[in-house]
Amino acid sequence: MREKQVIVKVKRQVSPQGSPYWEEFVLKWRPAMNVIICLRDIAENPVTRDGKKTMPVSYDSNCLEEVCGSCAMLVNGKARMACSALVDKLEQPIRLEPMSKFPVVRDLAVDRQFMFESLKRVKAWIPIDGTYDLGEGPRMAPETQEKAYPLSRCISCGNCLEVCPQVTGTERGDFVGAAIISQVRLFNMHPTGAMHASERINALMEPGGVQGCANAQNCVQACPKDIPLTESIAEVNREAWKQALLGWLIG
Amino acid sequence: MRQPKIIVVGGGLAGLMATIRVAESGVPVDLFSIVPVKRSHSVCAQGGINAAKNQKGEGDTTAKHFDDTIYGGDFLANQPLVKRMCEAAPGIIDLLDRMGVMFNRTPEGLLDYRRFGGTLYHRTAFAGATTGQQLLYALDEQVRRHESEGKVRKYEGFTFLSAVLDDGGVCRGICAMDLRTMEVRTFAADAVIFCTGGIGAIFGRSTNSVVCTGSAQSALFQQGVDYANGEFIQVHPTAIPGEDKLRLMSESARGEGGRVWVPKKAGDTRPAKSIPENDRFYFLEEWYPKYGNLVPRDIATRAIHRIVYQERLGLSGQAAVYLDVTHIPRETLDRKLEGILEIYEKFLGVDPREEPMKVFPAMHYTMGGMWVNAEDQATSVHGIYAAGECEYQYHGANRLGANSLVSCIFGGGVAGPAAAKYAKNLEKGANAVESSVFDRERQRQEALNQALISQDGNENIMAIWRELGETMTEHVTVTRINKNLETAYSKLLELDQRFRKVNLSDRSKWSNQTLNFARELGNMLVLARVITIGAQARNESRGAHYKPDFPERDDANWLKTTRAKWINGEIQLNYEPVNISQITPRPRRYDAAK
């Protein structure tokens with residue numbers, strides 16, 4: 001019997017300026033393979049299907065259990081984490097491409113600094129006075145925690161930006177995307193964070209803020225952590241309207 | 001007045017805590033990390049963080065936490081700093097709570113606590129089953145705030161290559177490589193804090209993340225930073241086997257009532273759920289009635305190995321046992337363990353709420369690490385500090401579950417101010433050091449890169465790495481036999497020779513991950529030898545270090561810290577006494593209350 005094979009096509013690019021090209025690889029199938037194992041197989045024997053020697057594929061990865069957010073890419077056209085993309089559940093040839101909304105660094109590795117800059121812009125933190133001993137934190141109802149905890153599991157993978165038709169660039173003023181808006185909701189829910197809620201909402205009333213959402217709702221489908229992103233956007237949007245109205249009333 | 005400058009290498013929990021404390025003291029920090037710090041390995045910690053807050057009215061105290069930690073570590077840890085850590089732990093929880101960590105709550109709105117291995121108290125605060133992620137994010141957010149205020153400058157996407165040492169052997173900065181441009185650069189600093197985490201990659205597959213190679217520790221070791229207790233490697237009892245990674249199944253599954261078992265009859269092929277209670281062997285509960293499924297990790301791991309390799313009771317003859325949470329109400333599982341159950345479900349396609357999980361032990365943590373002093377996390381080289389998993393101070397011969405997060409935050413919190421104080425008191429700052437000191441280190445590193453890029457050979461780094469992992473996992477994890485350790489050591493020397501003949505399949509000058517991994521692999525091969533030779537020398541059994549030929553703990557000869565030094569390209573083992581000033585060593589047993 002012929003050995004079972006896995007066929008992988010990778011969209012490659014040697015540098016940010018380089019032109020993309022495709023390479024195809026044939027790998028030996030094993031049980032429980034994921035896309036990361038495919039990329040490692042290629043690294044061990046970087047030879048294309050037609051026998052041409054090539055270079056290992058560059059890609060970002062770290063935890064390999066879908067909690068660090070590194071290995072997001074397009075797998076058969078779908079934005080997802082490579083580590084949890086199991087070969088046996090994918091149609092072959094498996095097509096791997098870098099995310100399209102972020103600048104390519106090399107091959108499948110992209111630059112997602114835009115997301116971290118946006119987190120700075122919306123002040124996504126609790127402004128504590130210092131790390132010295134100030135006693136316990138504020139009490140919190142279990143229901144509040146149960147609502148906030150899912151939001152706090154955002155791994156900044158960028159899948160929600162990748163699938164959003166409103167995300168067109170990664171410069172300041174471009175739409176920040178669902179992940180960032182959801183983080184604003186998270187920090188505004190916290191008793192201490194709520195003291196500075198208006199600052200965060202203000203940041204999202206600037207160009208690229210919450211009004212950039214056109215309600216395509218792709219984000220919530222693409223989120224690997226099942227974060228209720230559309231709910232977050234609706235909530236933040238309401239807060240933004242309230243704040244705008246209040247600003248208008250008190251002139 | 002001279003403005004001192006600190007560098008922190010590594011942006012996991014320890015590195016971020018150190019960064020925050022230095023920034024708070026008004027000293028600027030440059031923070032280096034291979035990955036964006038939010039993607040550091042601390043995110044993989046699942047179950048929780050220990051602090052004796054006694055919030056369940058069980059009479060828990062920091063003294064009991066201290067005793068559990070020392071006893072769990074089989075009396076190898078120096079006691080004074082461990083005591084300080086346990087006393088600081090409740091304050092650390094308060095701080096994290098103030099930072100907005102979404103810890104699980106009780107109906108009264110207080111933090112909830114669960115039980116973990118090696119203790120009889122509910123001492124572990126948790127945020128679902130993704131506690132490490134939640135803690136890391138809280139610190140990441142605080143660092144981002146300091147960054148936006150200009151107090152912290154991040155260098156993400158840089159890998160550490162070496163320390164810059166002046167003629168007096170004092171650290172004056174670091175040499176690092178930009179992982180995009182592949183440019184090698186030096187950065188001056190008055191003190192450097194290393195928080196470079198674990199070493200899982202040395203064992204090939206482990207529960208660790210890709211960046212946990214121990215490369216930085218090894219590079220520093222080869223520059224004169226001593227390495228202590230390298231032979232103490234924790235193998236976690238419950239992980240999901242996988243070809244790329246052994247994914248952790250947190251101890252919290254057992255903390256919430258999960259039970260470990262195998263069918264009593266070898267080769268029982270019935271589906272797990274149809275096997276009646278009477279035909280199941282809950283071996284941990286039977287062998288350790290007092291602690292049951294919550295014995296420390298070294299004990300549980302050896303028990304599983306005994307079941308599989310001696311009793312031949314592994315599931316369908318395979319290396320696996322059941323970790324069963326199916327009897328726990330679904331609502332409780334989703335509220336307290338969802339994060340880990342989701343991992344099992346995603347990677348195996350089986351719902352662990354319905355079917356018992358199949359697990360097996362996996363390399364998880366190094367108790368050993370860079371030697372640091374008993375006061376303030378300083379290493380044996382002036383100007384170099386270390387905190388977190390990369391140093392050896394807190395866990396002795398075996399780490400208790402949920403103590404790693406607290407040791408990272410405590411150690412980072414001590415190292416930050418200590419390094420800042422050292423930097424302020426320096427007579428001559430790093431900026432007054434001749435530029436030739438920096439130039440020569442940069443040139444040395446550039447030459448190493450050039451040699452790797454240009455050499456012709458027939459060896460592949462991935463193949464060498466795989467053989468390294470197989471050797472270490474087979475001979476230097478759960479059961480250690482001197483003859484096998486000797487075989488492993490010769491194999492390591494062979495791999496070291498073959499490494500000199502690697503042929504890099506990527507010779508480009510932009511974002512070359514192959515070159516970076518080759519540099520890491522070279523360092524991993526050295527640290528592997530430190531671990532192996534330390535294990536070979538230690539003829540006793542203590543904590544995670546188990547030798548069937550020397551099955552007992554031997555305090556008369558071996559109650560001492562291994563301190564490895566690099567002398568002219570050779571590893572030399574020295575020993576120093578353990579500080580046992582607080583608790584007198586006593587036999588460690590978990591089949592009865594201690």
# chains A, B, ... in the order shown; residues from 1 in each chain; ligands from 1

$ residues_around --residues "range 190-196 of chain A" --least-positions-apart "6" --cutoff "10 Å" --atoms "only C-alpha atoms" --output "PDB file with C-alpha atoms, in the first residue's frame"
ATOM      1  CA  LYS A 123      -5.121  52.740  27.867  1.00  0.00           C
ATOM      2  CA  ALA A 124      -5.909  49.046  28.236  1.00  0.00           C
ATOM      3  CA  TRP A 125      -4.781  48.726  31.850  1.00  0.00           C
ATOM      4  CA  ILE A 126      -5.879  49.351  35.427  1.00  0.00           C
ATOM      5  CA  PRO A 127      -4.050  52.480  36.628  1.00  0.00           C
ATOM      6  CA  ILE A 128      -2.786  51.297  40.019  1.00  0.00           C
ATOM      7  CA  GLY A 137      -8.418  44.796  45.524  1.00  0.00           C
ATOM      8  CA  PRO A 138     -12.074  45.742  45.190  1.00  0.00           C
ATOM      9  CA  ARG A 139     -14.665  43.045  45.806  1.00  0.00           C
ATOM     10  CA  MET A 140     -16.426  41.778  42.757  1.00  0.00           C
ATOM     11  CA  THR A 144     -19.184  40.282  36.997  1.00  0.00           C
ATOM     12  CA  GLN A 145     -16.132  38.027  37.005  1.00  0.00           C
ATOM     13  CA  ALA A 148     -15.322  39.732  32.330  1.00  0.00           C
ATOM     14  CA  VAL A 184     -11.989  48.625  26.486  1.00  0.00           C
TER      15      VAL A 184
ATOM     16  CA  ARG B  98      -5.657  45.367  42.243  1.00  0.00           C
ATOM     17  CA  MET B  99      -4.172  45.095  38.756  1.00  0.00           C
ATOM     18  CA  GLY B 100      -7.458  43.640  37.593  1.00  0.00           C
ATOM     19  CA  VAL B 101      -6.754  39.905  37.299  1.00  0.00           C
ATOM     20  CA  MET B 102     -10.122  38.198  36.845  1.00  0.00           C
TER      21      MET B 102
END

$ residues_around --residues "Leu204 in chain A" --least-positions-apart "3" --cutoff "12 Å" --atoms "only C-alpha atoms" --output "PyMOL selection string"
chain A and resi 118-124+172-178+180-185+197-201+207-213+233+236-241+243-244

$ write_last_selection --atoms "N, CA and C atoms" --output "tab-separated table (two decimals), in the first residue's frame"
chain	number	residue	atom	x	y	z
A	118	SER	N	-2.38	49.95	19.50
A	118	SER	CA	-3.78	50.31	19.78
A	118	SER	C	-4.12	50.11	21.25
A	119	LEU	N	-3.57	49.05	21.85
A	119	LEU	CA	-3.82	48.81	23.28
A	119	LEU	C	-3.29	49.98	24.12
A	120	LYS	N	-2.16	50.54	23.67
A	120	LYS	CA	-1.60	51.71	24.36
A	120	LYS	C	-2.55	52.89	24.22
A	121	ARG	N	-3.03	53.07	23.00
A	121	ARG	CA	-3.86	54.22	22.68
A	121	ARG	C	-5.14	54.24	23.52
A	122	VAL	N	-5.73	53.06	23.77
A	122	VAL	CA	-6.98	53.04	24.53
A	122	VAL	C	-6.74	52.84	26.04
A	123	LYS	N	-5.47	52.90	26.44
A	123	LYS	CA	-5.12	52.74	27.87
A	123	LYS	C	-5.73	51.46	28.44
A	124	ALA	N	-5.36	50.34	27.82
A	124	ALA	CA	-5.91	49.05	28.24
A	124	ALA	C	-5.15	48.52	29.45
A	172	ARG	N	-2.12	54.56	12.52
A	172	ARG	CA	-3.01	55.24	13.44
A	172	ARG	C	-4.12	55.92	12.64
A	173	GLY	N	-5.36	55.73	13.07
A	173	GLY	CA	-6.49	56.27	12.33
A	173	GLY	C	-7.22	55.18	11.56
A	174	ASP	N	-6.53	54.05	11.29
A	174	ASP	CA	-7.21	52.90	10.70
A	174	ASP	C	-8.04	52.23	11.79
A	175	PHE	N	-9.10	51.52	11.36
A	175	PHE	CA	-10.00	50.88	12.32
A	175	PHE	C	-9.23	49.93	13.24
A	176	VAL	N	-9.41	50.07	14.57
A	176	VAL	CA	-8.62	49.30	15.54
A	176	VAL	C	-9.01	47.83	15.60
A	177	GLY	N	-10.26	47.54	15.24
A	177	GLY	CA	-10.70	46.14	15.24
A	177	GLY	C	-11.37	45.74	16.54
A	178	ALA	N	-12.04	44.59	16.46
A	178	ALA	CA	-12.90	44.13	17.57
A	178	ALA	C	-12.13	43.83	18.85
A	180	ILE	N	-9.58	45.14	20.26
A	180	ILE	CA	-9.23	46.31	21.07
A	180	ILE	C	-10.49	46.89	21.73
A	181	ILE	N	-11.57	46.94	20.97
A	181	ILE	CA	-12.82	47.48	21.51
A	181	ILE	C	-13.29	46.62	22.68
A	182	SER	N	-13.12	45.31	22.53
A	182	SER	CA	-13.53	44.39	23.59
A	182	SER	C	-12.68	44.57	24.85
A	183	GLN	N	-11.40	44.92	24.66
A	183	GLN	CA	-10.54	45.18	25.82
A	183	GLN	C	-11.00	46.43	26.56
A	184	VAL	N	-11.47	47.42	25.83
A	184	VAL	CA	-11.99	48.63	26.49
A	184	VAL	C	-13.19	48.26	27.36
A	185	ARG	N	-14.03	47.41	26.82
A	185	ARG	CA	-15.18	46.97	27.62
A	185	ARG	C	-14.72	46.26	28.89
A	197	ALA	N	-13.15	55.17	32.78
A	197	ALA	CA	-13.85	54.64	31.60
A	197	ALA	C	-13.93	55.67	30.48
A	198	SER	N	-14.19	56.92	30.84
A	198	SER	CA	-14.43	57.91	29.79
A	198	SER	C	-13.19	58.16	28.92
A	199	GLU	N	-11.99	58.04	29.54
A	199	GLU	CA	-10.76	58.22	28.76
A	199	GLU	C	-10.68	57.18	27.65
A	200	ARG	N	-11.01	55.92	28.01
A	200	ARG	CA	-10.92	54.85	27.02
A	200	ARG	C	-11.98	55.03	25.94
A	201	ILE	N	-13.19	55.42	26.37
A	201	ILE	CA	-14.25	55.64	25.39
A	201	ILE	C	-13.87	56.79	24.45
A	207	PRO	N	-10.93	58.95	15.09
A	207	PRO	CA	-10.90	58.18	13.84
A	207	PRO	C	-10.28	56.80	14.08
A	208	GLY	N	-10.87	55.77	13.47
A	208	GLY	CA	-10.38	54.40	13.68
A	208	GLY	C	-11.03	53.75	14.87
A	209	GLY	N	-11.90	54.46	15.58
A	209	GLY	CA	-12.54	53.94	16.78
A	209	GLY	C	-13.77	53.11	16.49
A	210	VAL	N	-14.64	53.06	17.49
A	210	VAL	CA	-15.76	52.12	17.44
A	210	VAL	C	-16.73	52.40	16.29
A	211	GLN	N	-16.82	53.68	15.87
A	211	GLN	CA	-17.75	53.99	14.78
A	211	GLN	C	-17.30	53.37	13.46
A	212	GLY	N	-16.06	52.86	13.43
A	212	GLY	CA	-15.55	52.23	12.21
A	212	GLY	C	-16.21	50.89	11.93
A	213	CYS	N	-16.85	50.31	12.94
A	213	CYS	CA	-17.48	48.99	12.77
A	213	CYS	C	-18.70	49.12	11.88
A	233	ILE	N	-18.69	45.25	21.11
A	233	ILE	CA	-18.76	46.42	20.23
A	233	ILE	C	-20.07	47.18	20.48
A	236	VAL	N	-19.80	49.05	23.86
A	236	VAL	CA	-18.89	50.20	23.80
A	236	VAL	C	-19.51	51.30	22.94
A	237	ASN	N	-20.16	50.88	21.88
A	237	ASN	CA	-20.82	51.85	21.00
A	237	ASN	C	-21.88	52.65	21.77
A	238	ARG	N	-22.66	51.93	22.58
A	238	ARG	CA	-23.67	52.60	23.41
A	238	ARG	C	-23.02	53.63	24.32
A	239	GLU	N	-21.92	53.20	24.96
A	239	GLU	CA	-21.20	54.10	25.88
A	239	GLU	C	-20.68	55.33	25.13
A	240	ALA	N	-20.21	55.09	23.92
A	240	ALA	CA	-19.67	56.20	23.13
A	240	ALA	C	-20.78	57.20	22.79
A	241	TRP	N	-21.95	56.69	22.41
A	241	TRP	CA	-23.08	57.57	22.13
A	241	TRP	C	-23.49	58.36	23.36
A	243	GLN	N	-21.64	59.14	25.87
A	243	GLN	CA	-20.62	60.13	26.16
A	243	GLN	C	-20.70	61.32	25.19
A	244	ALA	N	-20.98	61.02	23.94
A	244	ALA	CA	-21.08	62.09	22.94
A	244	ALA	C	-22.26	62.99	23.26

$ atom_distance --atom1 "CA of Gln46 in chain B" --atom2 "CA of Ser250 in chain B"
6.0 Å

$ closest_residue --among "A:Glu143, A:Ala203, A:Glu117, A:Ala222" --to "Thr170 in chain A" --atoms "only C-alpha atoms"
A:Glu117

$ residues_around --residues "Glu65 in chain A" --least-positions-apart "6" --cutoff "8 Å" --atoms "only C-alpha atoms" --output "list in words"
Cys83 and Ser84 of chain A; Arg247 and Ile343 of chain B

$ closest_residue --among "B:Val82, B:Ala189, B:Val27, B:Met249" --to "chain A" --atoms "only C-alpha atoms"
B:Met249

$ residues_around --residues "range 9-24 of chain B" --least-positions-apart "6" --cutoff "8 Å" --atoms "only C-alpha atoms" --output "ChimeraX atom specification"
/A:130-131 /B:31-34,37-38,40-42,135-136,139-140,142-143,146,151-152,160,192-197,387-388,405,408-417,420

$ write_last_selection --atoms "N, CA and C atoms" --output "short mmCIF file (atom, residue, chain, number, x, y, z; two decimals), in the first residue's frame"
data_model
loop_
_atom_site.label_atom_id
_atom_site.label_comp_id
_atom_site.auth_asym_id
_atom_site.auth_seq_id
_atom_site.Cartn_x
_atom_site.Cartn_y
_atom_site.Cartn_z
N GLY A 130 0.69 51.96 42.58
CA GLY A 130 2.05 51.42 42.68
C GLY A 130 1.98 49.97 43.10
N THR A 131 3.14 49.29 43.07
CA THR A 131 3.14 47.86 43.42
C THR A 131 3.35 47.63 44.91
N LEU B 31 13.70 46.50 27.79
CA LEU B 31 13.18 45.14 27.98
C LEU B 31 13.33 44.35 26.68
N PHE B 32 14.09 43.27 26.72
CA PHE B 32 14.35 42.45 25.53
C PHE B 32 13.55 41.15 25.57
N SER B 33 12.98 40.79 24.44
CA SER B 33 12.25 39.54 24.40
C SER B 33 12.26 38.98 22.97
N ILE B 34 12.30 37.67 22.85
CA ILE B 34 12.27 37.04 21.53
C ILE B 34 10.90 37.27 20.89
N VAL B 37 6.10 40.43 24.35
CA VAL B 37 6.07 39.88 25.71
C VAL B 37 4.72 39.26 26.07
N LYS B 38 3.66 39.73 25.46
CA LYS B 38 2.34 39.15 25.76
C LYS B 38 2.24 37.69 25.32
N SER B 40 4.67 35.42 25.89
CA SER B 40 5.66 34.65 26.65
C SER B 40 5.08 33.36 27.21
N HIS B 41 5.97 32.45 27.60
CA HIS B 41 5.53 31.12 28.04
C HIS B 41 4.69 31.15 29.32
N SER B 42 4.79 32.19 30.13
CA SER B 42 3.96 32.23 31.35
C SER B 42 2.48 32.03 31.04
N LEU B 135 -2.37 36.39 34.71
CA LEU B 135 -1.34 37.12 35.47
C LEU B 135 -0.39 37.83 34.52
N LEU B 136 0.03 37.12 33.48
CA LEU B 136 0.95 37.72 32.52
C LEU B 136 0.32 38.96 31.89
N LEU B 139 0.44 42.03 34.19
CA LEU B 139 1.75 42.67 34.26
C LEU B 139 2.11 43.30 32.91
N ASP B 140 1.74 42.63 31.83
CA ASP B 140 1.97 43.17 30.49
C ASP B 140 1.30 44.54 30.35
N GLN B 142 0.55 46.64 32.78
CA GLN B 142 1.25 47.64 33.59
C GLN B 142 2.52 48.09 32.90
N VAL B 143 3.23 47.15 32.26
CA VAL B 143 4.46 47.51 31.55
C VAL B 143 4.11 48.40 30.35
N HIS B 146 3.77 51.85 31.59
CA HIS B 146 5.08 52.48 31.80
C HIS B 146 5.75 52.81 30.46
N LYS B 151 9.02 55.23 30.31
CA LYS B 151 9.94 54.69 31.30
C LYS B 151 10.54 53.35 30.87
N VAL B 152 9.85 52.67 29.95
CA VAL B 152 10.30 51.36 29.49
C VAL B 152 10.42 51.41 27.98
N PHE B 160 18.87 37.28 22.91
CA PHE B 160 20.10 37.52 23.66
C PHE B 160 21.19 36.55 23.17
N VAL B 192 22.01 43.92 34.49
CA VAL B 192 21.12 43.17 33.61
C VAL B 192 20.40 42.10 34.43
N ILE B 193 19.08 42.04 34.27
CA ILE B 193 18.29 41.02 34.97
C ILE B 193 17.82 40.00 33.95
N PHE B 194 18.16 38.74 34.17
CA PHE B 194 17.75 37.68 33.25
C PHE B 194 16.53 36.94 33.79
N CYS B 195 15.51 36.88 32.97
CA CYS B 195 14.28 36.17 33.34
C CYS B 195 13.90 35.34 32.12
N THR B 196 14.78 34.41 31.77
CA THR B 196 14.69 33.76 30.48
C THR B 196 14.02 32.38 30.55
N GLY B 197 13.41 32.05 31.69
CA GLY B 197 12.49 30.94 31.75
C GLY B 197 13.08 29.55 31.68
N ALA B 387 15.93 35.91 37.75
CA ALA B 387 14.68 35.63 38.46
C ALA B 387 13.79 34.75 37.60
N GLY B 388 12.91 34.01 38.27
CA GLY B 388 11.99 33.12 37.57
C GLY B 388 12.58 31.73 37.37
N LEU B 405 4.33 30.51 39.77
CA LEU B 405 3.89 31.89 39.49
C LEU B 405 4.31 32.80 40.63
N CYS B 408 8.07 33.46 40.47
CA CYS B 408 8.42 34.40 39.40
C CYS B 408 8.19 35.83 39.84
N ILE B 409 7.01 36.07 40.39
CA ILE B 409 6.66 37.45 40.74
C ILE B 409 7.48 37.93 41.93
N PHE B 410 7.68 37.04 42.90
CA PHE B 410 8.49 37.43 44.05
C PHE B 410 9.94 37.68 43.62
N GLY B 411 10.51 36.73 42.88
CA GLY B 411 11.91 36.86 42.45
C GLY B 411 12.12 38.11 41.59
N GLY B 412 11.21 38.33 40.65
CA GLY B 412 11.31 39.52 39.80
C GLY B 412 11.19 40.78 40.63
N GLY B 413 10.31 40.73 41.64
CA GLY B 413 10.09 41.89 42.52
C GLY B 413 11.30 42.18 43.40
N VAL B 414 12.09 41.15 43.71
CA VAL B 414 13.32 41.36 44.49
C VAL B 414 14.45 41.81 43.56
N ALA B 415 14.55 41.17 42.39
CA ALA B 415 15.67 41.45 41.49
C ALA B 415 15.64 42.90 40.98
N GLY B 416 14.44 43.40 40.68
CA GLY B 416 14.33 44.75 40.11
C GLY B 416 14.99 45.80 40.99
N PRO B 417 14.49 45.99 42.22
CA PRO B 417 15.10 46.99 43.09
C PRO B 417 16.56 46.70 43.42
N ALA B 420 18.59 47.88 40.53
CA ALA B 420 18.57 49.35 40.48
C ALA B 420 19.52 49.92 41.53
#

$ select_by_dssp --residues "range 40-167 of chain A" --states "strand (DSSP E or B)" --output "MDAnalysis selection string"
chainID A and resid 47 53 72:75 78:81 86 94:97 104:106 109:110

$ residues_around --residues "Pro228 in chain A" --least-positions-apart "2" --cutoff "10 Å" --atoms "only C-alpha atoms" --output "MDAnalysis selection string"
chainID A and resid 147 150:151 178 182 219:221 223 225:226 230:233

$ closest_atom_pairs --of "chain B" --to "chain A" --cutoff "8 Å" --atoms "only C-alpha atoms" --output "tab-separated table"
residue	atom	partner	partner_atom	distance
B:Arg21	CA	A:Thr131	CA	7.5
B:Glu24	CA	A:Gly130	CA	7.5
B:Lys38	CA	A:Cys68	CA	7.3
B:Arg39	CA	A:Cys68	CA	4.6
B:Ser40	CA	A:Cys68	CA	7.0
B:His41	CA	A:Cys63	CA	6.5
B:Val43	CA	A:Cys68	CA	6.4
B:Cys44	CA	A:Val67	CA	6.9
B:Gly91	CA	A:Asp133	CA	6.5
B:Asp94	CA	A:Glu136	CA	4.6
B:Leu95	CA	A:Thr131	CA	6.5
B:Asp97	CA	A:Gly137	CA	5.1
B:Arg98	CA	A:Gly137	CA	4.3
B:Met99	CA	A:Ile126	CA	5.7
B:Gly100	CA	A:Ile126	CA	6.3
B:Met102	CA	A:Tyr149	CA	5.7
B:Phe103	CA	A:Gln145	CA	7.3
B:Asn104	CA	A:Gln145	CA	6.7
B:Arg105	CA	A:Pro142	CA	5.1
B:Thr106	CA	A:Pro142	CA	6.4
B:Pro107	CA	A:Pro142	CA	6.2
B:Glu108	CA	A:Ala141	CA	7.2
B:Gly109	CA	A:Met140	CA	4.7
B:Leu110	CA	A:Arg139	CA	6.0
B:Ala127	CA	A:Tyr149	CA	7.7
B:Gln133	CA	A:Val67	CA	7.6
B:Gln134	CA	A:Ser152	CA	7.1
B:Ala138	CA	A:Trp125	CA	7.6
B:Glu141	CA	A:Trp125	CA	5.1
B:Gln142	CA	A:Trp125	CA	6.4
B:Arg144	CA	A:Lys120	CA	6.5
B:Arg145	CA	A:Trp125	CA	7.1
B:Ser148	CA	A:Lys120	CA	6.6
B:Arg180	CA	A:Val105	CA	7.6
B:Asn208	CA	A:Cys63	CA	7.1
B:Ser209	CA	A:Cys63	CA	4.3
B:Val210	CA	A:Asn62	CA	4.7
B:Val211	CA	A:Asn62	CA	6.3
B:Gly242	CA	A:Ala32	CA	7.4
B:Glu243	CA	A:Ile37	CA	7.4
B:Asp244	CA	A:Ile37	CA	6.1
B:Lys245	CA	A:Leu64	CA	7.0
B:Arg247	CA	A:Glu65	CA	6.9
B:Arg335	CA	A:Glu146	CA	8.0
B:Ile343	CA	A:Glu65	CA	6.7
B:Lys346	CA	A:Ser84	CA	6.7
B:Phe347	CA	A:Ser84	CA	6.3
B:Leu348	CA	A:Ala32	CA	7.8
B:Asn460	CA	A:Glu44	CA	7.1
B:Ile461	CA	A:Glu44	CA	7.8
B:Met462	CA	A:Glu44	CA	5.4
B:Ala463	CA	A:Glu44	CA	6.9
B:Ser505	CA	A:Met55	CA	5.7
B:Asp506	CA	A:Met55	CA	5.2
B:Trp510	CA	A:Ser15	CA	7.0
B:Ser511	CA	A:Arg106	CA	6.8
B:Asn512	CA	A:Ser58	CA	7.6
B:Gln513	CA	A:Ser58	CA	6.5
B:Thr514	CA	A:Pro56	CA	7.4

$ residues_around --residues "range 535-552 of chain B" --least-positions-apart "4" --cutoff "6 Å" --atoms "only C-alpha atoms" --output "list of chain:residue names"
B:Asp74, B:Glu231, B:Phe232, B:Gln234, B:Asp298, B:Ala397, B:Asn398, B:Thr479, B:Arg480, B:Ile481, B:Asn482

$ write_last_selection --atoms "C-alpha atoms" --output "PDB file, in the first residue's frame"
ATOM      1  CA  ASP B  74      12.801  17.418  49.770  1.00  0.00           C
ATOM      2  CA  GLU B 231      19.905  17.736  37.573  1.00  0.00           C
ATOM      3  CA  PHE B 232      16.527  18.537  39.125  1.00  0.00           C
ATOM      4  CA  GLN B 234      10.279  18.184  37.003  1.00  0.00           C
ATOM      5  CA  ASP B 298       7.444  13.633  41.335  1.00  0.00           C
ATOM      6  CA  ALA B 397      14.417  19.073  44.486  1.00  0.00           C
ATOM      7  CA  ASN B 398      10.786  19.344  43.410  1.00  0.00           C
ATOM      8  CA  THR B 479      14.474   7.162  36.295  1.00  0.00           C
ATOM      9  CA  ARG B 480      18.203   7.639  36.267  1.00  0.00           C
ATOM     10  CA  ILE B 481      20.756   4.863  36.049  1.00  0.00           C
ATOM     11  CA  ASN B 482      24.445   5.723  36.079  1.00  0.00           C
TER      12      ASN B 482
END

$ atom_distance --atom1 "CA of Leu495 in chain B" --atom2 "CA of Arg563 in chain B"
24.3 Å

$ select_by_dssp --residues "range 102-193 of chain B" --states "alpha helix (DSSP H)" --output "PyMOL selection string"
chain B and resi 131-148

$ atom_distance --atom1 "CA of Glu23 in chain A" --atom2 "CA of Arg95 in chain A"
9.9 Å

$ residues_around --residues "Val110 in chain A" --least-positions-apart "6" --cutoff "7 Å" --atoms "only C-alpha atoms" --output "list in words"
Pro98, Met99, Phe102, Pro103 and Val104 of chain A
